$ cat final-v5.pdb   # PDB, C-alpha atoms
ATOM      1  CA  MET T   1      40.991  -4.196   9.545  1.00  0.00           C
ATOM      2  CA  THR T   2      43.343  -4.763   6.610  1.00  0.00           C
ATOM      3  CA  THR T   3      43.149  -2.823   3.365  1.00  0.00           C
ATOM      4  CA  THR T   4      41.864  -5.905   1.528  1.00  0.00           C
ATOM      5  CA  GLU T   5      38.640  -6.089   3.544  1.00  0.00           C
ATOM      6  CA  SER T   6      35.530  -4.519   2.041  1.00  0.00           C
ATOM      7  CA  VAL T   7      33.718  -1.774   3.899  1.00  0.00           C
ATOM      8  CA  PRO T   8      29.926  -2.327   4.028  1.00  0.00           C
ATOM      9  CA  ARG T   9      27.899   0.370   2.300  1.00  0.00           C
ATOM     10  CA  PRO T  10      25.321   2.237   4.372  1.00  0.00           C
ATOM     11  CA  PRO T  11      21.703   1.206   3.671  1.00  0.00           C
ATOM     12  CA  GLY T  12      20.423   2.923   0.534  1.00  0.00           C
ATOM     13  CA  ALA T  13      23.896   3.863  -0.704  1.00  0.00           C
ATOM     14  CA  ARG T  14      24.407   3.192  -4.389  1.00  0.00           C
ATOM     15  CA  PRO T  15      27.155   0.789  -5.464  1.00  0.00           C
ATOM     16  CA  PRO T  16      30.455   2.178  -6.759  1.00  0.00           C
ATOM     17  CA  GLY T  17      30.993   2.788 -10.447  1.00  0.00           C
ATOM     18  CA  ARG T  18      29.251   4.938 -12.993  1.00  0.00           C
ATOM     19  CA  PRO T  19      26.257   6.989 -11.824  1.00  0.00           C
ATOM     20  CA  LEU T  20      23.025   5.085 -12.214  1.00  0.00           C
ATOM     21  CA  SER T  21      20.652   6.251 -14.942  1.00  0.00           C
ATOM     22  CA  ALA T  22      17.452   7.619 -13.424  1.00  0.00           C
ATOM     23  CA  GLU T  23      15.619   6.920 -16.683  1.00  0.00           C
ATOM     24  CA  LEU T  24      16.615   3.252 -16.632  1.00  0.00           C
ATOM     25  CA  SER T  25      15.712   2.982 -12.959  1.00  0.00           C
ATOM     26  CA  GLU T  26      12.213   4.296 -13.697  1.00  0.00           C
ATOM     27  CA  GLN T  27      11.881   1.908 -16.623  1.00  0.00           C
ATOM     28  CA  LEU T  28      12.897  -1.085 -14.506  1.00  0.00           C
ATOM     29  CA  VAL T  29      10.421  -0.096 -11.777  1.00  0.00           C
ATOM     30  CA  ALA T  30       7.626   0.309 -14.345  1.00  0.00           C
ATOM     31  CA  VAL T  31       8.370  -3.125 -15.796  1.00  0.00           C
ATOM     32  CA  ALA T  32       8.413  -4.678 -12.329  1.00  0.00           C
ATOM     33  CA  MET T  33       5.056  -3.066 -11.530  1.00  0.00           C
ATOM     34  CA  ASP T  34       3.564  -4.408 -14.764  1.00  0.00           C
ATOM     35  CA  ILE T  35       4.769  -7.935 -14.022  1.00  0.00           C
ATOM     36  CA  LEU T  36       3.468  -7.831 -10.445  1.00  0.00           C
ATOM     37  CA  ALA T  37       0.113  -6.373 -11.481  1.00  0.00           C
ATOM     38  CA  ASP T  38      -0.517  -8.633 -14.473  1.00  0.00           C
ATOM     39  CA  GLU T  39       1.320 -11.864 -13.618  1.00  0.00           C
ATOM     40  CA  GLY T  40       2.090 -11.831  -9.913  1.00  0.00           C
ATOM     41  CA  TRP T  41       5.048 -12.050  -7.577  1.00  0.00           C
ATOM     42  CA  GLY T  42       5.922 -15.556  -8.709  1.00  0.00           C
ATOM     43  CA  ARG T  43       6.738 -14.283 -12.205  1.00  0.00           C
ATOM     44  CA  LEU T  44       9.001 -11.439 -11.107  1.00  0.00           C
ATOM     45  CA  ASN T  45      12.605 -12.365 -11.845  1.00  0.00           C
ATOM     46  CA  SER T  46      15.663 -10.622 -13.223  1.00  0.00           C
ATOM     47  CA  ASP T  47      15.494 -12.407 -16.590  1.00  0.00           C
ATOM     48  CA  ARG T  48      11.958 -11.195 -17.279  1.00  0.00           C
ATOM     49  CA  VAL T  49      12.625  -7.671 -16.045  1.00  0.00           C
ATOM     50  CA  ALA T  50      15.815  -7.385 -18.090  1.00  0.00           C
ATOM     51  CA  ALA T  51      14.162  -8.731 -21.239  1.00  0.00           C
ATOM     52  CA  ARG T  52      11.175  -6.410 -21.036  1.00  0.00           C
ATOM     53  CA  ALA T  53      13.264  -3.371 -20.174  1.00  0.00           C
ATOM     54  CA  ARG T  54      15.914  -4.318 -22.743  1.00  0.00           C
ATOM     55  CA  ALA T  55      18.530  -3.926 -20.071  1.00  0.00           C
ATOM     56  CA  GLY T  56      21.250  -6.063 -18.574  1.00  0.00           C
ATOM     57  CA  LYS T  57      20.711  -7.994 -15.371  1.00  0.00           C
ATOM     58  CA  ALA T  58      23.811  -6.335 -13.919  1.00  0.00           C
ATOM     59  CA  GLY T  59      21.994  -3.002 -14.135  1.00  0.00           C
ATOM     60  CA  ILE T  60      19.156  -4.437 -12.045  1.00  0.00           C
ATOM     61  CA  TYR T  61      21.408  -5.833  -9.342  1.00  0.00           C
ATOM     62  CA  ARG T  62      23.432  -2.627  -9.143  1.00  0.00           C
ATOM     63  CA  ARG T  63      20.202  -0.997  -7.971  1.00  0.00           C
ATOM     64  CA  TRP T  64      18.457  -3.748  -6.003  1.00  0.00           C
ATOM     65  CA  PRO T  65      20.163  -6.825  -4.538  1.00  0.00           C
ATOM     66  CA  THR T  66      16.999  -8.946  -4.728  1.00  0.00           C
ATOM     67  CA  MET T  67      13.665  -9.013  -6.503  1.00  0.00           C
ATOM     68  CA  ALA T  68      12.013  -8.368  -3.130  1.00  0.00           C
ATOM     69  CA  ALA T  69      14.017  -5.145  -2.826  1.00  0.00           C
ATOM     70  CA  LEU T  70      12.897  -4.143  -6.325  1.00  0.00           C
ATOM     71  CA  ALA T  71       9.268  -4.898  -5.453  1.00  0.00           C
ATOM     72  CA  ARG T  72       9.543  -2.852  -2.261  1.00  0.00           C
ATOM     73  CA  HIS T  73      11.004   0.064  -4.199  1.00  0.00           C
ATOM     74  CA  ALA T  74       8.257  -0.243  -6.810  1.00  0.00           C
ATOM     75  CA  LEU T  75       5.579  -0.028  -4.097  1.00  0.00           C
ATOM     76  CA  SER T  76       7.196   3.128  -2.772  1.00  0.00           C
ATOM     77  CA  SER T  77       6.533   4.794  -6.138  1.00  0.00           C
ATOM     78  CA  VAL T  78       2.730   4.487  -5.951  1.00  0.00           C
ATOM     79  CA  THR T  79      -0.118   5.686  -3.726  1.00  0.00           C
ATOM     80  CA  LEU T  80      -2.375   2.966  -2.330  1.00  0.00           C
ATOM     81  CA  VAL T  81      -4.328   5.069   0.183  1.00  0.00           C
ATOM     82  CA  GLU T  82      -5.801   8.469  -0.636  1.00  0.00           C
ATOM     83  CA  VAL T  83      -6.768  10.724   2.267  1.00  0.00           C
ATOM     84  CA  PRO T  84     -10.220  12.069   1.330  1.00  0.00           C
ATOM     85  CA  ALA T  85     -10.916  15.777   1.289  1.00  0.00           C
ATOM     86  CA  ASP T  86     -12.529  17.130   4.442  1.00  0.00           C
ATOM     87  CA  SER T  87     -16.267  16.828   3.802  1.00  0.00           C
ATOM     88  CA  GLY T  88     -17.357  18.185   7.159  1.00  0.00           C
ATOM     89  CA  SER T  89     -18.826  14.799   8.090  1.00  0.00           C
ATOM     90  CA  LEU T  90     -17.263  11.714   9.676  1.00  0.00           C
ATOM     91  CA  SER T  91     -19.455   9.333   7.703  1.00  0.00           C
ATOM     92  CA  THR T  92     -18.755  11.087   4.393  1.00  0.00           C
ATOM     93  CA  ASP T  93     -15.028  11.185   5.107  1.00  0.00           C
ATOM     94  CA  LEU T  94     -15.086   7.424   5.710  1.00  0.00           C
ATOM     95  CA  CYS T  95     -17.047   6.896   2.498  1.00  0.00           C
ATOM     96  CA  GLY T  96     -14.378   8.915   0.715  1.00  0.00           C
ATOM     97  CA  LEU T  97     -11.649   6.727   2.199  1.00  0.00           C
ATOM     98  CA  LEU T  98     -13.475   3.658   0.878  1.00  0.00           C
ATOM     99  CA  LEU T  99     -14.025   5.114  -2.577  1.00  0.00           C
ATOM    100  CA  PRO T 100     -11.640   2.508  -4.107  1.00  0.00           C
ATOM    101  CA  TRP T 101     -14.201  -0.152  -3.168  1.00  0.00           C
ATOM    102  CA  THR T 102     -16.441   1.172  -5.967  1.00  0.00           C
ATOM    103  CA  ARG T 103     -13.969   0.212  -8.712  1.00  0.00           C
ATOM    104  CA  PRO T 104     -11.829  -2.778  -9.637  1.00  0.00           C
ATOM    105  CA  LEU T 105      -8.270  -2.929  -8.328  1.00  0.00           C
ATOM    106  CA  ASN T 106      -6.035  -0.609 -10.309  1.00  0.00           C
ATOM    107  CA  ARG T 107      -2.509  -1.452 -11.480  1.00  0.00           C
ATOM    108  CA  ALA T 108      -0.800  -0.392  -8.262  1.00  0.00           C
ATOM    109  CA  GLU T 109      -3.345  -2.236  -6.126  1.00  0.00           C
ATOM    110  CA  ARG T 110      -2.989  -5.418  -8.186  1.00  0.00           C
ATOM    111  CA  ALA T 111       0.778  -5.230  -7.765  1.00  0.00           C
ATOM    112  CA  ALA T 112       0.442  -4.829  -4.008  1.00  0.00           C
ATOM    113  CA  ALA T 113      -2.146  -7.613  -3.837  1.00  0.00           C
ATOM    114  CA  SER T 114       0.266 -10.007  -5.550  1.00  0.00           C
ATOM    115  CA  LEU T 115       2.700  -9.591  -2.639  1.00  0.00           C
ATOM    116  CA  VAL T 116       0.336 -10.222   0.268  1.00  0.00           C
ATOM    117  CA  GLY T 117       0.811 -13.993   0.447  1.00  0.00           C
ATOM    118  CA  ALA T 118       4.574 -13.940  -0.097  1.00  0.00           C
ATOM    119  CA  ALA T 119       4.999 -11.165   2.478  1.00  0.00           C
ATOM    120  CA  ARG T 120       4.243 -13.683   5.219  1.00  0.00           C
ATOM    121  CA  HIS T 121       7.641 -15.250   4.527  1.00  0.00           C
ATOM    122  CA  GLU T 122       9.637 -12.339   3.071  1.00  0.00           C
ATOM    123  CA  GLU T 123      10.645  -9.497   5.367  1.00  0.00           C
ATOM    124  CA  GLU T 124      11.430  -7.097   2.517  1.00  0.00           C
ATOM    125  CA  LEU T 125       7.920  -7.484   1.092  1.00  0.00           C
ATOM    126  CA  ARG T 126       6.349  -7.046   4.530  1.00  0.00           C
ATOM    127  CA  ALA T 127       8.279  -3.819   4.941  1.00  0.00           C
ATOM    128  CA  GLY T 128       7.144  -2.640   1.517  1.00  0.00           C
ATOM    129  CA  LEU T 129       3.485  -3.248   2.309  1.00  0.00           C
ATOM    130  CA  GLU T 130       3.905  -1.629   5.722  1.00  0.00           C
ATOM    131  CA  GLU T 131       5.322   1.516   4.122  1.00  0.00           C
ATOM    132  CA  ALA T 132       2.935   1.660   1.175  1.00  0.00           C
ATOM    133  CA  LEU T 133      -0.338   0.607   2.802  1.00  0.00           C
ATOM    134  CA  VAL T 134      -0.379   0.055   6.565  1.00  0.00           C
ATOM    135  CA  ARG T 135       1.199   3.355   7.619  1.00  0.00           C
ATOM    136  CA  PRO T 136      -0.667   5.537   5.101  1.00  0.00           C
ATOM    137  CA  LEU T 137      -3.963   3.932   6.097  1.00  0.00           C
ATOM    138  CA  SER T 138      -3.216   4.500   9.779  1.00  0.00           C
ATOM    139  CA  ASP T 139      -2.320   8.114   9.010  1.00  0.00           C
ATOM    140  CA  ALA T 140      -5.568   8.574   7.082  1.00  0.00           C
ATOM    141  CA  VAL T 141      -7.640   7.221   9.982  1.00  0.00           C
ATOM    142  CA  ARG T 142      -5.875   9.547  12.433  1.00  0.00           C
ATOM    143  CA  GLU T 143      -6.459  12.498  10.100  1.00  0.00           C
ATOM    144  CA  ILE T 144     -10.180  11.706   9.828  1.00  0.00           C
ATOM    145  CA  ALA T 145     -10.408  11.351  13.627  1.00  0.00           C
ATOM    146  CA  ALA T 146      -8.591  14.660  14.108  1.00  0.00           C
ATOM    147  CA  ARG T 147     -11.095  16.379  11.835  1.00  0.00           C
ATOM    148  CA  GLU T 148     -13.944  15.006  13.896  1.00  0.00           C
ATOM    149  CA  ALA T 149     -12.273  16.266  17.057  1.00  0.00           C
ATOM    150  CA  GLU T 150     -12.061  19.751  15.522  1.00  0.00           C
ATOM    151  CA  ARG T 151     -15.817  19.534  14.907  1.00  0.00           C
ATOM    152  CA  GLY T 152     -16.305  19.038  18.639  1.00  0.00           C
ATOM    153  CA  HIS T 153     -16.571  15.217  18.686  1.00  0.00           C
ATOM    154  CA  GLU T 154     -13.469  13.738  20.300  1.00  0.00           C
ATOM    155  CA  LEU T 155     -13.253  10.040  19.402  1.00  0.00           C
ATOM    156  CA  PRO T 156     -11.810   7.709  22.056  1.00  0.00           C
ATOM    157  CA  HIS T 157      -8.229   6.727  21.203  1.00  0.00           C
ATOM    158  CA  GLU T 158      -8.885   3.018  21.619  1.00  0.00           C
ATOM    159  CA  ARG T 159     -11.888   3.264  19.288  1.00  0.00           C
ATOM    160  CA  VAL T 160      -9.844   5.042  16.634  1.00  0.00           C
ATOM    161  CA  ALA T 161      -7.209   2.294  16.929  1.00  0.00           C
ATOM    162  CA  LEU T 162      -9.907  -0.374  16.516  1.00  0.00           C
ATOM    163  CA  LEU T 163     -11.320   1.456  13.493  1.00  0.00           C
ATOM    164  CA  GLY T 164      -7.862   1.390  11.933  1.00  0.00           C
ATOM    165  CA  GLN T 165      -7.526  -2.344  12.560  1.00  0.00           C
ATOM    166  CA  VAL T 166     -10.911  -3.078  11.000  1.00  0.00           C
ATOM    167  CA  LEU T 167     -10.152  -0.910   7.959  1.00  0.00           C
ATOM    168  CA  GLN T 168      -6.813  -2.649   7.520  1.00  0.00           C
ATOM    169  CA  ALA T 169      -8.558  -6.025   7.624  1.00  0.00           C
ATOM    170  CA  LEU T 170     -11.046  -4.813   5.018  1.00  0.00           C
ATOM    171  CA  TRP T 171      -8.160  -3.625   2.835  1.00  0.00           C
ATOM    172  CA  TRP T 172      -6.434  -7.020   2.979  1.00  0.00           C
ATOM    173  CA  GLU T 173      -9.750  -8.710   2.245  1.00  0.00           C
ATOM    174  CA  ARG T 174     -10.227  -6.568  -0.839  1.00  0.00           C
ATOM    175  CA  TYR T 175      -6.720  -7.367  -2.067  1.00  0.00           C
ATOM    176  CA  THR T 176      -7.084 -11.117  -1.622  1.00  0.00           C
ATOM    177  CA  SER T 177     -10.735 -11.699  -2.548  1.00  0.00           C
ATOM    178  CA  PHE T 178     -10.270 -11.892  -6.286  1.00  0.00           C
ATOM    179  CA  THR T 179     -13.867 -12.849  -7.045  1.00  0.00           C
ATOM    180  CA  ALA T 180     -15.425  -9.907  -5.197  1.00  0.00           C
ATOM    181  CA  ALA T 181     -17.096  -7.383  -7.473  1.00  0.00           C
ATOM    182  CA  PRO T 182     -16.758  -3.648  -6.799  1.00  0.00           C
ATOM    183  CA  LEU T 183     -19.361  -2.234  -4.435  1.00  0.00           C
ATOM    184  CA  ARG T 184     -21.895   0.380  -5.431  1.00  0.00           C
ATOM    185  CA  ALA T 185     -21.811   3.715  -3.634  1.00  0.00           C
ATOM    186  CA  PRO T 186     -24.942   2.856  -1.544  1.00  0.00           C
ATOM    187  CA  GLN T 187     -23.250  -0.351  -0.401  1.00  0.00           C
ATOM    188  CA  VAL T 188     -20.196   1.596   0.737  1.00  0.00           C
ATOM    189  CA  GLN T 189     -22.464   3.991   2.623  1.00  0.00           C
ATOM    190  CA  GLN T 190     -24.176   1.063   4.306  1.00  0.00           C
ATOM    191  CA  MET T 191     -20.817  -0.448   5.302  1.00  0.00           C
ATOM    192  CA  VAL T 192     -19.818   2.836   6.871  1.00  0.00           C
ATOM    193  CA  SER T 193     -23.167   3.224   8.653  1.00  0.00           C
ATOM    194  CA  ASP T 194     -23.557  -0.373   9.857  1.00  0.00           C
ATOM    195  CA  VAL T 195     -19.932  -1.421  10.466  1.00  0.00           C
ATOM    196  CA  LEU T 196     -17.536   1.495  10.838  1.00  0.00           C
ATOM    197  CA  LEU T 197     -19.510   4.207  12.613  1.00  0.00           C
ATOM    198  CA  PRO T 198     -20.630   1.866  15.446  1.00  0.00           C
ATOM    199  CA  ILE T 199     -16.943   1.209  16.185  1.00  0.00           C
ATOM    200  CA  VAL T 200     -16.296   4.826  17.123  1.00  0.00           C
ATOM    201  CA  ALA T 201     -19.853   5.459  18.367  1.00  0.00           C
ATOM    202  CA  PRO T 202     -20.866   2.214  20.120  1.00  0.00           C
ATOM    203  CA  GLU T 203     -23.887   3.826  21.791  1.00  0.00           C
ATOM    204  CA  GLY T 204     -25.422   4.435  18.413  1.00  0.00           C
ATOM    205  CA  VAL T 205     -24.506   8.116  18.131  1.00  0.00           C
ATOM    206  CA  ARG T 206     -23.852   9.206  14.555  1.00  0.00           C
ATOM    207  CA  PHE T 207     -21.378  12.041  14.391  1.00  0.00           C
ATOM    208  CA  GLY T 208     -21.166  14.620  11.636  1.00  0.00           C
ATOM    209  CA  ARG T 209     -24.478  13.740  10.003  1.00  0.00           C
TER
END
$ encode --input "final-v5.pdb" --output "structure tokens"
Amino acid sequence: MTTTESVPRPPGARPPGRPLSAELSEQLVAVAMDILADEGWGRLNSDRVAARARAGKAGIYRRWPTMAALARHALSSVTLVEVPADSGSLSTDLCGLLLPWTRPLNRAERAAASLVGAARHEEELRAGLEEALVRPLSDAVREIAAREAERGHELPHERVALLGQVLQALWWERYTSFTAAPLRAPQVQQMVSDVLLPIVAPEGVRFGR
């Protein structure tokens, strides 16, 4: 290799030059989140981000090579899945996991929802949703199953996997069904009782009641 050839930077390495301002980075991420949440993925571009943040476009591209990379980074700054506190009951733990269903989508959820369609064709967005939603949700399901095992009710592995798949489908449905109103707490309890518990207890057994 000659001295005139460029050496690729490792993934995640910052570009050469002056150190990047953490304050500006946070501001750019906040602006991107606002645009995604309020206007959608189709309106996220460097001109709009730069104008709202009162920054130069060069400062954006020094941090993220594409708007998809910025959106992925923005998703990494928020929590989309909260692991509920251990209630001592499988059904109550699942109700706690579905607590977001009782309120409208918040800012972070609206931002994530705006990326679902585009993620089918954009690998960077798929990776962002995988990291911010799919993996945390899978981890939450495994944690809830582990609690139930500690209570003396070992859940079959394949049933726990199916529960995770169904919950993921419900999550995507919530993000893309824009006309759906929030559920009331009794409706969430009924969903858990009628849909989720039978997945892990197909014979009708209700654990942790």
$ residues_around --input "final-v5.pdb" --residues "T:Thr176" --least-positions-apart "5" --cutoff "10 Å" --atoms "all atoms listed in the file" --output "PyMOL selection string"
chain T and resi 110+113-117+170-171
$ residues_around --input "final-v5.pdb" --residues "T:Asp38" --least-positions-apart "3" --cutoff "12 Å" --atoms "all atoms listed in the file" --output "list in words"
Val31, Ala32, Met33, Asp34, Ile35, Trp41, Gly42, Arg43, Leu44, Leu105, Asn106, Arg107, Ala108, Glu109, Arg110, Ala111, Ala112, Ala113 and Ser114 of chain T
$ resolve_selection --input "final-v5.pdb" --expression "the PyMOL selection byres ((chain T and resi 164) around 10)" --output "PDB file with C-alpha atoms, keeping the file's coordinate frame"
ATOM      1  CA  VAL T 134      -0.379   0.055   6.565  1.00  0.00           C
ATOM      2  CA  LEU T 137      -3.963   3.932   6.097  1.00  0.00           C
ATOM      3  CA  SER T 138      -3.216   4.500   9.779  1.00  0.00           C
ATOM      4  CA  ASP T 139      -2.320   8.114   9.010  1.00  0.00           C
ATOM      5  CA  ALA T 140      -5.568   8.574   7.082  1.00  0.00           C
ATOM      6  CA  VAL T 141      -7.640   7.221   9.982  1.00  0.00           C
ATOM      7  CA  ARG T 142      -5.875   9.547  12.433  1.00  0.00           C
ATOM      8  CA  GLU T 158      -8.885   3.018  21.619  1.00  0.00           C
ATOM      9  CA  ARG T 159     -11.888   3.264  19.288  1.00  0.00           C
ATOM     10  CA  VAL T 160      -9.844   5.042  16.634  1.00  0.00           C
ATOM     11  CA  ALA T 161      -7.209   2.294  16.929  1.00  0.00           C
ATOM     12  CA  LEU T 162      -9.907  -0.374  16.516  1.00  0.00           C
ATOM     13  CA  LEU T 163     -11.320   1.456  13.493  1.00  0.00           C
ATOM     14  CA  GLN T 165      -7.526  -2.344  12.560  1.00  0.00           C
ATOM     15  CA  VAL T 166     -10.911  -3.078  11.000  1.00  0.00           C
ATOM     16  CA  LEU T 167     -10.152  -0.910   7.959  1.00  0.00           C
ATOM     17  CA  GLN T 168      -6.813  -2.649   7.520  1.00  0.00           C
ATOM     18  CA  ALA T 169      -8.558  -6.025   7.624  1.00  0.00           C
ATOM     19  CA  LEU T 170     -11.046  -4.813   5.018  1.00  0.00           C
ATOM     20  CA  LEU T 196     -17.536   1.495  10.838  1.00  0.00           C
TER      21      LEU T 196
END
$ atom_distance --input "final-v5.pdb" --atom1 "atom CA of T:Arg151" --atom2 "atom CA of T:Gln189"
20.9 Å
$ closest_residue --input "final-v5.pdb" --among "T:Leu90, T:Ala146, T:Leu129, T:Met67" --to "T:Leu197" --atoms "only C-alpha atoms"
T:Leu90
$ resolve_selection --input "final-v5.pdb" --expression "the PyMOL selection byres ((chain T and resi 73) around 12)" --output "PDB file with C-alpha atoms, keeping the file's coordinate frame"
ATOM      1  CA  GLY T  12      20.423   2.923   0.534  1.00  0.00           C
ATOM      2  CA  SER T  25      15.712   2.982 -12.959  1.00  0.00           C
ATOM      3  CA  GLU T  26      12.213   4.296 -13.697  1.00  0.00           C
ATOM      4  CA  LEU T  28      12.897  -1.085 -14.506  1.00  0.00           C
ATOM      5  CA  VAL T  29      10.421  -0.096 -11.777  1.00  0.00           C
ATOM      6  CA  ALA T  30       7.626   0.309 -14.345  1.00  0.00           C
ATOM      7  CA  ALA T  32       8.413  -4.678 -12.329  1.00  0.00           C
ATOM      8  CA  MET T  33       5.056  -3.066 -11.530  1.00  0.00           C
ATOM      9  CA  ARG T  63      20.202  -0.997  -7.971  1.00  0.00           C
ATOM     10  CA  TRP T  64      18.457  -3.748  -6.003  1.00  0.00           C
ATOM     11  CA  PRO T  65      20.163  -6.825  -4.538  1.00  0.00           C
ATOM     12  CA  THR T  66      16.999  -8.946  -4.728  1.00  0.00           C
ATOM     13  CA  MET T  67      13.665  -9.013  -6.503  1.00  0.00           C
ATOM     14  CA  ALA T  68      12.013  -8.368  -3.130  1.00  0.00           C
ATOM     15  CA  ALA T  69      14.017  -5.145  -2.826  1.00  0.00           C
ATOM     16  CA  LEU T  70      12.897  -4.143  -6.325  1.00  0.00           C
ATOM     17  CA  ALA T  71       9.268  -4.898  -5.453  1.00  0.00           C
ATOM     18  CA  ARG T  72       9.543  -2.852  -2.261  1.00  0.00           C
ATOM     19  CA  ALA T  74       8.257  -0.243  -6.810  1.00  0.00           C
ATOM     20  CA  LEU T  75       5.579  -0.028  -4.097  1.00  0.00           C
ATOM     21  CA  SER T  76       7.196   3.128  -2.772  1.00  0.00           C
ATOM     22  CA  SER T  77       6.533   4.794  -6.138  1.00  0.00           C
ATOM     23  CA  VAL T  78       2.730   4.487  -5.951  1.00  0.00           C
ATOM     24  CA  ALA T 112       0.442  -4.829  -4.008  1.00  0.00           C
ATOM     25  CA  GLU T 124      11.430  -7.097   2.517  1.00  0.00           C
ATOM     26  CA  LEU T 125       7.920  -7.484   1.092  1.00  0.00           C
ATOM     27  CA  ALA T 127       8.279  -3.819   4.941  1.00  0.00           C
ATOM     28  CA  GLY T 128       7.144  -2.640   1.517  1.00  0.00           C
ATOM     29  CA  LEU T 129       3.485  -3.248   2.309  1.00  0.00           C
ATOM     30  CA  GLU T 131       5.322   1.516   4.122  1.00  0.00           C
ATOM     31  CA  ALA T 132       2.935   1.660   1.175  1.00  0.00           C
TER      32      ALA T 132
END
$ closest_residue --input "final-v5.pdb" --among "T:Ser91, T:Lys57, T:Pro104, T:Ala180" --to "T:Asn45" --atoms "all atoms listed in the file"
T:Lys57
$ axis_aligned_box --input "final-v5.pdb" --around "stretch 91-105 of chain T" --padding-each-side "8 Å" --output "JSON"
{"center_x": -13.9, "center_y": 4.1, "center_z": -1.0, "size_x": 27.2, "size_y": 30.1, "size_z": 33.3}
$ resolve_selection --input "final-v5.pdb" --expression "the PyMOL selection byres ((chain T and resi 100) around 12)" --output "PDB file with C-alpha atoms, in the frame of the given file"
ATOM      1  CA  THR T  79      -0.118   5.686  -3.726  1.00  0.00           C
ATOM      2  CA  LEU T  80      -2.375   2.966  -2.330  1.00  0.00           C
ATOM      3  CA  VAL T  81      -4.328   5.069   0.183  1.00  0.00           C
ATOM      4  CA  GLU T  82      -5.801   8.469  -0.636  1.00  0.00           C
ATOM      5  CA  VAL T  83      -6.768  10.724   2.267  1.00  0.00           C
ATOM      6  CA  PRO T  84     -10.220  12.069   1.330  1.00  0.00           C
ATOM      7  CA  LEU T  94     -15.086   7.424   5.710  1.00  0.00           C
ATOM      8  CA  CYS T  95     -17.047   6.896   2.498  1.00  0.00           C
ATOM      9  CA  GLY T  96     -14.378   8.915   0.715  1.00  0.00           C
ATOM     10  CA  LEU T  97     -11.649   6.727   2.199  1.00  0.00           C
ATOM     11  CA  LEU T  98     -13.475   3.658   0.878  1.00  0.00           C
ATOM     12  CA  LEU T  99     -14.025   5.114  -2.577  1.00  0.00           C
ATOM     13  CA  TRP T 101     -14.201  -0.152  -3.168  1.00  0.00           C
ATOM     14  CA  THR T 102     -16.441   1.172  -5.967  1.00  0.00           C
ATOM     15  CA  ARG T 103     -13.969   0.212  -8.712  1.00  0.00           C
ATOM     16  CA  PRO T 104     -11.829  -2.778  -9.637  1.00  0.00           C
ATOM     17  CA  LEU T 105      -8.270  -2.929  -8.328  1.00  0.00           C
ATOM     18  CA  ASN T 106      -6.035  -0.609 -10.309  1.00  0.00           C
ATOM     19  CA  ALA T 108      -0.800  -0.392  -8.262  1.00  0.00           C
ATOM     20  CA  GLU T 109      -3.345  -2.236  -6.126  1.00  0.00           C
ATOM     21  CA  LEU T 170     -11.046  -4.813   5.018  1.00  0.00           C
ATOM     22  CA  TRP T 171      -8.160  -3.625   2.835  1.00  0.00           C
ATOM     23  CA  ARG T 174     -10.227  -6.568  -0.839  1.00  0.00           C
ATOM     24  CA  TYR T 175      -6.720  -7.367  -2.067  1.00  0.00           C
ATOM     25  CA  ALA T 181     -17.096  -7.383  -7.473  1.00  0.00           C
ATOM     26  CA  PRO T 182     -16.758  -3.648  -6.799  1.00  0.00           C
ATOM     27  CA  LEU T 183     -19.361  -2.234  -4.435  1.00  0.00           C
ATOM     28  CA  ARG T 184     -21.895   0.380  -5.431  1.00  0.00           C
ATOM     29  CA  ALA T 185     -21.811   3.715  -3.634  1.00  0.00           C
ATOM     30  CA  VAL T 188     -20.196   1.596   0.737  1.00  0.00           C
TER      31      VAL T 188
END
$ atom_distance --input "final-v5.pdb" --atom1 "atom CA of T:Glu23" --atom2 "atom CA of T:Ala37"
21.1 Å
$ atom_distance --input "final-v5.pdb" --atom1 "atom CA of T:Glu148" --atom2 "atom CA of T:Arg135"
20.1 Å
$ closest_residue --input "final-v5.pdb" --among "T:Val200, T:Arg54, T:Gly59, T:Gly40" --to "T:Ile144" --atoms "all atoms listed in the file"
T:Val200
$ closest_residue --input "final-v5.pdb" --among "T:Val192, T:Asp86, T:Glu39, T:Ala58" --to "T:Ala145" --atoms "only C-alpha atoms"
T:Asp86
$ closest_residue --input "final-v5.pdb" --among "T:Ser21, T:Gly56, T:Leu36, T:Thr92" --to "T:Met191" --atoms "all atoms listed in the file"
T:Thr92
$ decode --input "final-v5.pdb" --residues "stretch 111-115 of chain T" --atoms "N, CA, C and O atoms" --output "PDB file, in the first residue's frame"
ATOM      1  N   ALA T 111     -40.848   8.062  17.577  1.00  0.00           N
ATOM      2  CA  ALA T 111     -39.656   8.089  16.729  1.00  0.00           C
ATOM      3  C   ALA T 111     -39.358   6.695  16.191  1.00  0.00           C
ATOM      4  O   ALA T 111     -39.090   6.516  14.995  1.00  0.00           O
ATOM      5  N   ALA T 112     -39.396   5.702  17.065  1.00  0.00           N
ATOM      6  CA  ALA T 112     -39.155   4.330  16.629  1.00  0.00           C
ATOM      7  C   ALA T 112     -40.212   3.880  15.631  1.00  0.00           C
ATOM      8  O   ALA T 112     -39.901   3.228  14.622  1.00  0.00           O
ATOM      9  N   ALA T 113     -41.466   4.219  15.905  1.00  0.00           N
ATOM     10  CA  ALA T 113     -42.562   3.814  15.017  1.00  0.00           C
ATOM     11  C   ALA T 113     -42.382   4.374  13.617  1.00  0.00           C
ATOM     12  O   ALA T 113     -42.738   3.727  12.626  1.00  0.00           O
ATOM     13  N   SER T 114     -41.803   5.571  13.513  1.00  0.00           N
ATOM     14  CA  SER T 114     -41.628   6.197  12.200  1.00  0.00           C
ATOM     15  C   SER T 114     -40.618   5.448  11.335  1.00  0.00           C
ATOM     16  O   SER T 114     -40.567   5.668  10.119  1.00  0.00           O
ATOM     17  N   LEU T 115     -39.825   4.569  11.948  1.00  0.00           N
ATOM     18  CA  LEU T 115     -38.768   3.868  11.217  1.00  0.00           C
ATOM     19  C   LEU T 115     -39.168   2.470  10.780  1.00  0.00           C
ATOM     20  O   LEU T 115     -38.450   1.840  10.006  1.00  0.00           O
TER      21      LEU T 115
END
